[in-house]
Amino acid sequence: MFVPKGNYEITVDEALDTSQSFSVVFEKEVISGSIEGFYYKGEKPADKKALRNAVKRGIFDALSRSLGKTLPWGILTGVKPVKIVRELYQKGIGCEEISSYMKEFYYLNDDKTRLLMNTLRNQYELSGEKIPGSAGVYLGIPFCPTRCVYCSFTANVAGRAEIERYLEALHKEIEYVSGRMKERGIKTESFYIGGGTPTALDSDQLDRLLGKIFESFDFSCCSEFTVEAGRPDTITEDKLKIIRKYGIGRISINPQSMNLKTLEAIGRLHSPEQIKEAFAMARNAGIEIINMDLIAGLPGENLDDFKRTLSLVTEMEPENITVHTLALKRASRLKEEDSDFNYREVEKLSQMVDFSRNLMESLGYRPYYLYRQKYMVGNLENIGYAKPGTECVYNIKTMDERQTMIALGAGGISKMYYPEENRIERAANVSNYEIYIDRIDEMLERKEQLIFANSI
């Protein structure tokens, strides 16, 4: 890739509290740059990606020396870092060499490098052989009882009539997609109902939805079916019985925190006691695998608060625990109310994440999927931990991006995988549920062009 000679100015983020800029100069076969007297020089890379990373390293070196700070993930900004090490491993490169590469090329610290390699080993152990012609299926329910202050997902507060309108359109998409999958011989490997909060549906709506799904799709090769129950205040014995009626044995119950003051502050309507009650109900109903989501760095929480949450959650012994780092998205209410929140919380949040990982591993949980997001406090990560044998295949395949994923409902993003090129193409359903209803035929056509007009 030809890169023209000349000077390239890259402005440093104002949040770093400096007005300096990093000057990158291309002369013959070298790159050089400086900031506040610090200097970087190296060979000019052959392509855009290598060039971009070389510039990142130069900026990182200069800013690190200038500001006296570093970042645990170095220059790595990708959402799915396990993909990088997996692709290296598949080329026959050994784990020690990969670890050295990640530290030297991306500037990862030792701790994050170990985490990455442990996650890779666990994923390789679990991934197994791909079912030929298979796909994962996601179905989204974009409704919640309330909207949390940190939330930027498709989550709406709506009445029964509005939800019925949505379900009518969703049932149409279910009929179309399942019919075309059968015509094309595409098998369902995993099925995941997410949100929003799927159990925001009332019992009748949930029963009709699950009935429609199970009468429409071919589950003969399906390894798992997950329902994200999410909000404990939406979980009832009746809904759990309906879930079990269809043979579903995997759900999520997501406390986020076990501190009442925090729950009230973030806009949740349930108490810590309701979380325990919902968990007990799920166990009594025969749910075999329960995931619980927690968020490190919620407003007003200190390390002791987070430790208390972890203690109470691990006492319940869920099979999976996902520890999220708070991400301050632009669309969230928290970002509007306190735009500098994430810059003040870095050290505290790092302590929370480190403590949770040490605790999870001491209790026999293994990291099996990992991803990162923009605007995460401290530039950290989300980690899914699981007791051996209870890992979620859908989560692994979603992060791995080596399988076609078909997404139904408002906000769903379908992904067509081309293995020969190791390439993904995407087609998104609109996220606004009202527009989704009005344009449902267009959503079907998008899937036709992305998925069914091609070969899986």
# chains A, B, ... in the order shown; residues from 1 in each chain; ligands from 1
>>> residues_around(residues="Ile141 of chain A", least_positions_apart="5", cutoff="8 Å", atoms="only C-alpha atoms", output="PDB file with C-alpha atoms, in the first residue's frame")
ATOM      1  CA  ILE A 193     -33.717 -14.311  22.955  1.00  0.00           C
ATOM      2  CA  GLY A 194     -32.337 -11.004  24.206  1.00  0.00           C
ATOM      3  CA  GLY A 195     -33.411  -7.436  24.688  1.00  0.00           C
ATOM      4  CA  GLY A 196     -34.361  -5.202  26.305  1.00  0.00           C
ATOM      5  CA  THR A 197     -35.953  -7.677  28.657  1.00  0.00           C
ATOM      6  CA  PRO A 198     -37.822 -10.596  27.023  1.00  0.00           C
ATOM      7  CA  GLY A 409     -36.513  -8.027  15.808  1.00  0.00           C
ATOM      8  CA  ALA A 410     -35.812  -4.328  16.240  1.00  0.00           C
TER       9      ALA A 410
END
>>> residues_around(residues="segment 94-104 of chain A", least_positions_apart="5", cutoff="9 Å", atoms="only C-alpha atoms", output="JSON, numbers by chain")
{"A": [74, 85, 88, 89, 109, 110, 113, 114, 116, 117]}
>>> write_last_selection(atoms="N, CA, C and O atoms", output="PDB file, in the first residue's frame")
ATOM      1  N   GLY A  74      -2.916  -1.355  26.148  1.00  0.00           N
ATOM      2  CA  GLY A  74      -1.998  -0.707  25.225  1.00  0.00           C
ATOM      3  C   GLY A  74      -2.709   0.070  24.142  1.00  0.00           C
ATOM      4  O   GLY A  74      -3.619   0.849  24.416  1.00  0.00           O
ATOM      5  N   VAL A  85      -5.643 -13.162  18.609  1.00  0.00           N
ATOM      6  CA  VAL A  85      -4.768 -14.263  19.040  1.00  0.00           C
ATOM      7  C   VAL A  85      -5.224 -15.594  18.444  1.00  0.00           C
ATOM      8  O   VAL A  85      -4.404 -16.473  18.168  1.00  0.00           O
ATOM      9  N   LEU A  88      -3.736 -15.864  14.965  1.00  0.00           N
ATOM     10  CA  LEU A  88      -2.308 -16.172  15.058  1.00  0.00           C
ATOM     11  C   LEU A  88      -2.096 -17.642  15.416  1.00  0.00           C
ATOM     12  O   LEU A  88      -1.227 -18.320  14.849  1.00  0.00           O
ATOM     13  N   TYR A  89      -2.898 -18.130  16.356  1.00  0.00           N
ATOM     14  CA  TYR A  89      -2.780 -19.520  16.797  1.00  0.00           C
ATOM     15  C   TYR A  89      -3.081 -20.490  15.657  1.00  0.00           C
ATOM     16  O   TYR A  89      -2.430 -21.528  15.507  1.00  0.00           O
ATOM     17  N   ASN A 109      -0.316  -5.234  28.750  1.00  0.00           N
ATOM     18  CA  ASN A 109       0.463  -5.583  29.932  1.00  0.00           C
ATOM     19  C   ASN A 109       0.373  -7.095  30.177  1.00  0.00           C
ATOM     20  O   ASN A 109      -0.395  -7.804  29.524  1.00  0.00           O
ATOM     21  N   ASP A 110       1.153  -7.601  31.121  1.00  0.00           N
ATOM     22  CA  ASP A 110       1.208  -9.042  31.369  1.00  0.00           C
ATOM     23  C   ASP A 110      -0.147  -9.609  31.769  1.00  0.00           C
ATOM     24  O   ASP A 110      -0.532 -10.705  31.351  1.00  0.00           O
ATOM     25  N   THR A 113      -2.525  -9.878  28.808  1.00  0.00           N
ATOM     26  CA  THR A 113      -2.035 -10.907  27.897  1.00  0.00           C
ATOM     27  C   THR A 113      -2.396 -12.295  28.414  1.00  0.00           C
ATOM     28  O   THR A 113      -2.872 -13.157  27.662  1.00  0.00           O
ATOM     29  N   ARG A 114      -2.219 -12.526  29.714  1.00  0.00           N
ATOM     30  CA  ARG A 114      -2.590 -13.824  30.313  1.00  0.00           C
ATOM     31  C   ARG A 114      -4.090 -14.066  30.180  1.00  0.00           C
ATOM     32  O   ARG A 114      -4.526 -15.180  29.854  1.00  0.00           O
ATOM     33  N   LEU A 116      -6.136 -12.897  27.954  1.00  0.00           N
ATOM     34  CA  LEU A 116      -6.447 -13.158  26.551  1.00  0.00           C
ATOM     35  C   LEU A 116      -6.109 -14.604  26.177  1.00  0.00           C
ATOM     36  O   LEU A 116      -6.905 -15.303  25.535  1.00  0.00           O
ATOM     37  N   MET A 117      -4.945 -15.058  26.601  1.00  0.00           N
ATOM     38  CA  MET A 117      -4.523 -16.413  26.253  1.00  0.00           C
ATOM     39  C   MET A 117      -5.359 -17.468  26.980  1.00  0.00           C
ATOM     40  O   MET A 117      -5.673 -18.529  26.406  1.00  0.00           O
TER      41      MET A 117
END
>>> residues_around(residues="Arg283 of chain A", least_positions_apart="3", cutoff="12 Å", atoms="only C-alpha atoms", output="MDAnalysis selection string")
chainID A and resid 237 240:241 244 249:251 253 276:280 286:290 316:319
>>> write_last_selection(atoms="N, CA, C and O atoms", output="PDB file, in the first residue's frame")
ATOM      1  N   GLU A 237     -43.309 -17.051  38.585  1.00  0.00           N
ATOM      2  CA  GLU A 237     -43.367 -18.514  38.509  1.00  0.00           C
ATOM      3  C   GLU A 237     -44.056 -18.962  37.230  1.00  0.00           C
ATOM      4  O   GLU A 237     -43.646 -19.943  36.608  1.00  0.00           O
ATOM      5  N   LEU A 240     -41.690 -18.667  34.257  1.00  0.00           N
ATOM      6  CA  LEU A 240     -40.678 -19.718  34.336  1.00  0.00           C
ATOM      7  C   LEU A 240     -41.247 -21.081  33.932  1.00  0.00           C
ATOM      8  O   LEU A 240     -40.575 -21.876  33.264  1.00  0.00           O
ATOM      9  N   LYS A 241     -42.491 -21.334  34.311  1.00  0.00           N
ATOM     10  CA  LYS A 241     -43.134 -22.590  33.901  1.00  0.00           C
ATOM     11  C   LYS A 241     -43.292 -22.644  32.381  1.00  0.00           C
ATOM     12  O   LYS A 241     -43.131 -23.700  31.763  1.00  0.00           O
ATOM     13  N   ARG A 244     -39.930 -23.414  30.860  1.00  0.00           N
ATOM     14  CA  ARG A 244     -39.609 -24.839  31.020  1.00  0.00           C
ATOM     15  C   ARG A 244     -40.516 -25.725  30.163  1.00  0.00           C
ATOM     16  O   ARG A 244     -40.101 -26.807  29.729  1.00  0.00           O
ATOM     17  N   GLY A 249     -33.578 -24.446  29.269  1.00  0.00           N
ATOM     18  CA  GLY A 249     -32.929 -24.609  30.568  1.00  0.00           C
ATOM     19  C   GLY A 249     -31.845 -23.599  30.858  1.00  0.00           C
ATOM     20  O   GLY A 249     -31.084 -23.760  31.810  1.00  0.00           O
ATOM     21  N   ARG A 250     -31.762 -22.542  30.030  1.00  0.00           N
ATOM     22  CA  ARG A 250     -30.720 -21.535  30.227  1.00  0.00           C
ATOM     23  C   ARG A 250     -31.353 -20.140  30.198  1.00  0.00           C
ATOM     24  O   ARG A 250     -31.993 -19.770  29.216  1.00  0.00           O
ATOM     25  N   ILE A 251     -31.157 -19.379  31.294  1.00  0.00           N
ATOM     26  CA  ILE A 251     -31.664 -18.007  31.351  1.00  0.00           C
ATOM     27  C   ILE A 251     -30.612 -17.098  31.988  1.00  0.00           C
ATOM     28  O   ILE A 251     -29.621 -17.565  32.559  1.00  0.00           O
ATOM     29  N   ILE A 253     -30.389 -13.857  34.787  1.00  0.00           N
ATOM     30  CA  ILE A 253     -31.013 -12.979  35.781  1.00  0.00           C
ATOM     31  C   ILE A 253     -29.944 -11.940  36.104  1.00  0.00           C
ATOM     32  O   ILE A 253     -28.886 -12.286  36.635  1.00  0.00           O
ATOM     33  N   LYS A 276     -32.692 -12.412  44.790  1.00  0.00           N
ATOM     34  CA  LYS A 276     -32.560 -13.731  45.417  1.00  0.00           C
ATOM     35  C   LYS A 276     -33.821 -14.567  45.206  1.00  0.00           C
ATOM     36  O   LYS A 276     -33.750 -15.771  44.940  1.00  0.00           O
ATOM     37  N   GLU A 277     -34.976 -13.910  45.331  1.00  0.00           N
ATOM     38  CA  GLU A 277     -36.249 -14.627  45.158  1.00  0.00           C
ATOM     39  C   GLU A 277     -36.399 -15.133  43.725  1.00  0.00           C
ATOM     40  O   GLU A 277     -36.848 -16.270  43.493  1.00  0.00           O
ATOM     41  N   ALA A 278     -36.031 -14.296  42.747  1.00  0.00           N
ATOM     42  CA  ALA A 278     -36.136 -14.706  41.345  1.00  0.00           C
ATOM     43  C   ALA A 278     -35.205 -15.873  41.063  1.00  0.00           C
ATOM     44  O   ALA A 278     -35.567 -16.816  40.334  1.00  0.00           O
ATOM     45  N   PHE A 279     -34.007 -15.830  41.626  1.00  0.00           N
ATOM     46  CA  PHE A 279     -33.046 -16.918  41.438  1.00  0.00           C
ATOM     47  C   PHE A 279     -33.602 -18.212  42.020  1.00  0.00           C
ATOM     48  O   PHE A 279     -33.534 -19.278  41.385  1.00  0.00           O
ATOM     49  N   ALA A 280     -34.156 -18.139  43.222  1.00  0.00           N
ATOM     50  CA  ALA A 280     -34.715 -19.331  43.866  1.00  0.00           C
ATOM     51  C   ALA A 280     -35.890 -19.885  43.054  1.00  0.00           C
ATOM     52  O   ALA A 280     -36.026 -21.113  42.891  1.00  0.00           O
ATOM     53  N   GLY A 286     -36.670 -25.581  37.733  1.00  0.00           N
ATOM     54  CA  GLY A 286     -35.862 -26.541  37.000  1.00  0.00           C
ATOM     55  C   GLY A 286     -34.900 -25.936  36.000  1.00  0.00           C
ATOM     56  O   GLY A 286     -34.374 -26.651  35.132  1.00  0.00           O
ATOM     57  N   ILE A 287     -34.654 -24.629  36.102  1.00  0.00           N
ATOM     58  CA  ILE A 287     -33.674 -23.998  35.217  1.00  0.00           C
ATOM     59  C   ILE A 287     -32.284 -24.476  35.617  1.00  0.00           C
ATOM     60  O   ILE A 287     -31.856 -24.318  36.751  1.00  0.00           O
ATOM     61  N   GLU A 288     -31.570 -25.045  34.670  1.00  0.00           N
ATOM     62  CA  GLU A 288     -30.301 -25.708  34.975  1.00  0.00           C
ATOM     63  C   GLU A 288     -29.104 -24.766  34.937  1.00  0.00           C
ATOM     64  O   GLU A 288     -28.149 -24.939  35.691  1.00  0.00           O
ATOM     65  N   ILE A 289     -29.124 -23.795  34.019  1.00  0.00           N
ATOM     66  CA  ILE A 289     -27.984 -22.888  33.857  1.00  0.00           C
ATOM     67  C   ILE A 289     -28.470 -21.446  33.938  1.00  0.00           C
ATOM     68  O   ILE A 289     -29.313 -21.018  33.145  1.00  0.00           O
ATOM     69  N   ILE A 290     -27.942 -20.718  34.915  1.00  0.00           N
ATOM     70  CA  ILE A 290     -28.335 -19.322  35.122  1.00  0.00           C
ATOM     71  C   ILE A 290     -27.089 -18.448  35.019  1.00  0.00           C
ATOM     72  O   ILE A 290     -26.077 -18.710  35.670  1.00  0.00           O
ATOM     73  N   MET A 316     -25.120 -17.537  45.647  1.00  0.00           N
ATOM     74  CA  MET A 316     -26.237 -18.202  44.967  1.00  0.00           C
ATOM     75  C   MET A 316     -25.764 -19.292  44.009  1.00  0.00           C
ATOM     76  O   MET A 316     -26.550 -20.113  43.552  1.00  0.00           O
ATOM     77  N   GLU A 317     -24.481 -19.263  43.676  1.00  0.00           N
ATOM     78  CA  GLU A 317     -23.846 -20.265  42.826  1.00  0.00           C
ATOM     79  C   GLU A 317     -24.469 -20.367  41.431  1.00  0.00           C
ATOM     80  O   GLU A 317     -24.837 -21.458  40.961  1.00  0.00           O
ATOM     81  N   PRO A 318     -24.560 -19.250  40.722  1.00  0.00           N
ATOM     82  CA  PRO A 318     -24.969 -19.345  39.312  1.00  0.00           C
ATOM     83  C   PRO A 318     -23.880 -20.025  38.497  1.00  0.00           C
ATOM     84  O   PRO A 318     -22.703 -20.003  38.870  1.00  0.00           O
ATOM     85  N   GLU A 319     -24.272 -20.624  37.394  1.00  0.00           N
ATOM     86  CA  GLU A 319     -23.287 -21.326  36.557  1.00  0.00           C
ATOM     87  C   GLU A 319     -22.401 -20.340  35.790  1.00  0.00           C
ATOM     88  O   GLU A 319     -21.233 -20.622  35.516  1.00  0.00           O
TER      89      GLU A 319
END
>>> select_by_dssp(residues="segment 35-196 of chain A", states="helix (DSSP H, G or I)", output="short mmCIF file (atom, residue, chain, number, x, y, z; two decimals) with C-alpha atoms, in the first residue's frame")
data_model
loop_
_atom_site.label_atom_id
_atom_site.label_comp_id
_atom_site.auth_asym_id
_atom_site.auth_seq_id
_atom_site.Cartn_x
_atom_site.Cartn_y
_atom_site.Cartn_z
CA LYS A 48 -2.51 0.71 6.12
CA LYS A 49 -3.17 -1.45 9.18
CA ALA A 50 0.50 -1.76 10.07
CA LEU A 51 0.96 1.95 9.42
CA ARG A 52 -1.95 2.82 11.70
CA ASN A 53 -0.58 0.64 14.49
CA ALA A 54 2.91 2.11 14.14
CA VAL A 55 1.47 5.60 14.49
CA LYS A 56 -0.55 4.45 17.51
CA ARG A 57 2.57 3.09 19.16
CA GLY A 58 4.35 6.35 18.53
CA ILE A 59 1.54 8.38 20.04
CA PHE A 60 1.24 5.96 22.95
CA ASP A 61 4.97 6.15 23.70
CA ALA A 62 4.99 9.90 23.58
CA LEU A 63 1.89 10.41 25.69
CA SER A 64 2.88 7.72 28.19
CA ARG A 65 6.22 9.40 28.81
CA SER A 66 4.72 12.87 28.78
CA LEU A 67 1.78 12.17 31.08
CA PRO A 81 -9.30 -9.04 20.91
CA VAL A 82 -9.53 -12.84 21.21
CA LYS A 83 -9.98 -12.94 17.42
CA ILE A 84 -6.46 -11.56 16.98
CA VAL A 85 -4.77 -14.26 19.04
CA ARG A 86 -7.01 -16.98 17.59
CA GLU A 87 -5.97 -16.10 14.04
CA LEU A 88 -2.31 -16.17 15.06
CA TYR A 89 -2.78 -19.52 16.80
CA GLN A 90 -4.43 -20.99 13.70
CA CYS A 95 1.24 -19.40 22.78
CA GLU A 96 4.47 -17.96 24.16
CA GLU A 97 5.29 -16.30 20.86
CA ILE A 98 1.75 -14.91 20.59
CA SER A 99 2.00 -13.51 24.13
CA SER A 100 5.28 -11.79 23.31
CA TYR A 101 3.82 -10.40 20.11
CA MET A 102 0.76 -8.95 21.88
CA LYS A 103 2.99 -7.23 24.44
CA GLU A 104 5.52 -5.92 21.97
CA PHE A 105 3.22 -5.00 19.07
CA ASP A 110 1.21 -9.04 31.37
CA ASP A 111 -2.16 -9.31 33.10
CA LYS A 112 -4.28 -8.67 29.99
CA THR A 113 -2.03 -10.91 27.90
CA ARG A 114 -2.59 -13.82 30.31
CA LEU A 115 -6.34 -13.15 30.34
CA LEU A 116 -6.45 -13.16 26.55
CA MET A 117 -4.52 -16.41 26.25
CA ASN A 118 -6.60 -18.14 28.96
CA THR A 119 -9.80 -17.12 27.16
CA LEU A 120 -8.41 -18.41 23.87
CA ARG A 121 -7.54 -21.80 25.42
CA ASN A 122 -11.03 -22.13 26.92
CA GLN A 123 -12.74 -21.16 23.66
CA TYR A 124 -10.69 -23.66 21.68
CA GLU A 125 -11.61 -26.39 24.12
CA LEU A 126 -15.31 -25.54 23.79
CA SER A 127 -15.84 -24.51 20.19
CA ARG A 160 -49.48 -3.93 26.13
CA ALA A 161 -51.09 -2.66 22.93
CA GLU A 162 -47.76 -1.42 21.57
CA ILE A 163 -46.04 -4.66 22.48
CA GLU A 164 -48.81 -6.58 20.66
CA ARG A 165 -48.18 -4.53 17.51
CA TYR A 166 -44.51 -5.36 17.75
CA LEU A 167 -45.15 -9.06 18.27
CA GLU A 168 -47.37 -9.17 15.20
CA ALA A 169 -44.52 -7.85 13.05
CA LEU A 170 -42.01 -10.12 14.81
CA HIS A 171 -44.17 -13.18 14.17
CA LYS A 172 -44.14 -12.26 10.48
CA GLU A 173 -40.34 -12.12 10.53
CA ILE A 174 -40.20 -15.47 12.36
CA GLU A 175 -42.38 -17.10 9.69
CA TYR A 176 -40.32 -15.69 6.84
CA VAL A 177 -36.87 -16.42 8.28
CA SER A 178 -37.68 -19.92 9.53
CA GLY A 179 -39.33 -20.80 6.22
CA ARG A 180 -36.36 -19.59 4.18
CA MET A 181 -33.91 -21.38 6.50
CA LYS A 182 -35.75 -24.66 5.92
CA GLU A 183 -35.85 -24.07 2.15
CA ARG A 184 -32.11 -23.40 2.10
#
